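Here the structure comes first, spelled out in structure tokens, and everything after it is commentary.
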Amino acid sequence: MRGAKQWKQLKLDVTAQEAPVDNFLTASGTFTDGDLRLNQRGLRLISEETQSSQSPNTEDVELLREDLEVIKVIGRGSGGTVQLVRHKGQGTFYALKGIQMCIQETVRKQIVQELKINKASQCPHVVVCYHSFYHNGVISLVLEYMDRGSLADVLKQVQTILEPYLAVVCKQVLKGLVYLHHERHVIHRDIKPSNLLVNHKGEVKITDFGVSAVLANSMAQRNTFVGTYNYMAPERISGSSYDCKSDIWSLGLVILECAIGHFPYTSTEQEGSLSFYDLLEAIVDRPPPSAPADQFSPEFCSFISACIQKDPKERLSSLELLCHPFIQKFEDKDIDLAILVASLNPPVNLDL
């Protein structure tokens with residue numbers, strides 16, 4: 001067991017392992033980091049790989065910052081504010097994420113990572129970044145607008161989500177994680193309800209890569225204490241090295257929360273939430289939470305158990321979980337998530 005002082009020192013020790021980065025802003029108004037160049041005209045990656053295979057997500061749509069009309073603030077991502085904007089000519093809605101760059105070097109590293117992932121992303125289960133700008137100390141990302149908000153917004157209205165719909169959510173998120181883990185070699189590091197977005201078509205997409213880490217980076221950079229601690233895997237909290245299996249732990253907690261209607265590390269709403277240090281201690285030292293066998297199917301209980309294992313080696317990978325009986329159970333049932341979200345109030349009224 002660890003006391004509060006030990007947990008505080010652990011957090012400081014782990015954070016201190018972050019490696020320095022070489023990010024800088026030039027006098028000409030260009031944000032530069034390695035092969036990344038970003039200014040008010042847009043973003044370019046100066047590399048043979050990018051030049052030979054440009055992402056359709058960022059090259060097919062020509063957007064200018066002055067063409068975007070701000071409607072309202074709709075949320076906050078890692079390092080910045082998210083606004084709903086509308087293209088003045090097309091009438092198309094986008095989510096505009098603005099990031100002030102007068103911030104510490106370690107946070108800049110995370111933002112550069114997000115830019116590079118968005119630039120290269122070609123997955124239908126990852127939120128599209130259409131364009132990005134740098135001007136007057138602010139990086140702006142023009143993102144696909146997911147008009148039904150996040151999974152957190154859905155939960156506020158429905159309280160719990162039934163197993164058939166959860167299987168559909170899981171399948172889409174897992175496809176996004178397979179892309180990130182196996183094709184992009186990226187750990188997201190902040191899988192939580194507010195980073196899983198939904199639209200009126202019933203599509204679920206992963207967003208917010210500001211705290212993700214490339215697996216090819218040094219081990220020191222993969223020991224960093226970054227992300228939302230509620231959903232953080234025990235190996236990350238204890239300061240051990242980690243890999244993409246840490247995202248699987250987070251996904252398991254998210255799906256269990258959707259099923260039971262409250263965060264898994266509180267048994268009832270009356271008990272309230274644990275303090276920061278009590279929660280860290282619970283995640284590391286207590287047995288992992290599980291789905292109540294008397295309330296859920298054996299397949300669902302097995303799926304949650306396959307995700308929420310203290311030993312990351314015991315967790316299934318995103319690719320393996322796609323073949324899990326819980327996902328396959330509803331494959332031929334034609335479950336339409338759009339029906340569920342259509343019954344909900346959208347987080348933003350677009351009748352402007």
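Each chain in the structure tokens gets a letter, A, B and so on, in the order shown; residues start at 1 in every chain, and ligands are counted from 1 in the order they appear.
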
Checklist entry - Neighbours of Glu314 in chain A within 10 Å (only C-alpha atoms; same-chain residues fewer than 6 positions away dropped), as a ChimeraX atom specification? => result /A:245,305-308

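Those residues that approach range 198-201 of chain A to within 9 Å, counting only C-alpha atoms, are A:Tyr145, A:Met146, A:Asp147, A:Arg148, A:Gly149, A:Ser150, A:Leu151, A:Val154, A:Val204, A:Lys205, A:Asp336, A:Leu337, A:Ala338, A:Ile339, A:Val341, A:Ala342, A:Pro346; same-chain residues fewer than 3 positions away are not listed.
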
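When only C-alpha atoms are used to measure the gap to Phe326 in chain A, the shortest distance among A:Ser302, A:Asn195, A:Ser238, A:Thr81 belongs to A:Ser302.
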
Item to check | 8 Å contact set for Gly261 in chain A, only C-alpha atoms, chain neighbours under 3 positions out, as number ranges by chain | outcome: A: 155, 159-160, 257-258

Save the residues we just selected, C-alpha atoms, as a compact mmCIF listing (two decimals), in the first residue's frame?
# COMPACT_ATOMS: atom_id res chain seq x y z
CA LEU A 155 -24.62 8.80 -21.04
CA GLN A 159 -27.81 6.74 -17.94
CA THR A 160 -26.91 3.25 -19.22
CA GLU A 257 -19.21 2.51 -17.03
CA CYS A 258 -21.66 2.71 -19.94

Checklist entry - For Arg189 in chain A, which residue among A:Gln328, A:Thr228, A:Gln309, A:Gln157 is the nearest when counting only C-alpha atoms? => result A:Thr228

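Closest to Gln172 in chain A among A:Lys156, A:His188, A:His125, A:His135 is A:His125, based on only C-alpha atoms.
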
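The space between CA of Ile248 in chain A and CA of Asp334 in chain A spans 25.6 Å.
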
Checklist outcome for this item: Residue with the minimum atom-to-atom distance to Asn136 in chain A, picked from A:Val186, A:Leu177, A:Val284, A:Ile99 with only C-alpha atoms counted, is A:Ile99

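Interatomic distance, CA of Ile237 in chain A against CA of Leu280 in chain A: 6.8 Å.
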
Checklist entry - Between A:Ala259, A:Ile187, A:Leu68, A:Ala233, which is the closest to Ile304 in chain A once you count only C-alpha atoms? => result A:Ala259

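Picture a line from CA of Asp311 in chain A to CA of Tyr242 in chain A; it runs 10.7 Å.
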
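Nearest to Glu66 in chain A of all the residues A:Phe133, A:Phe296, A:Glu144, A:Cys123 is A:Phe133, based on only C-alpha atoms.
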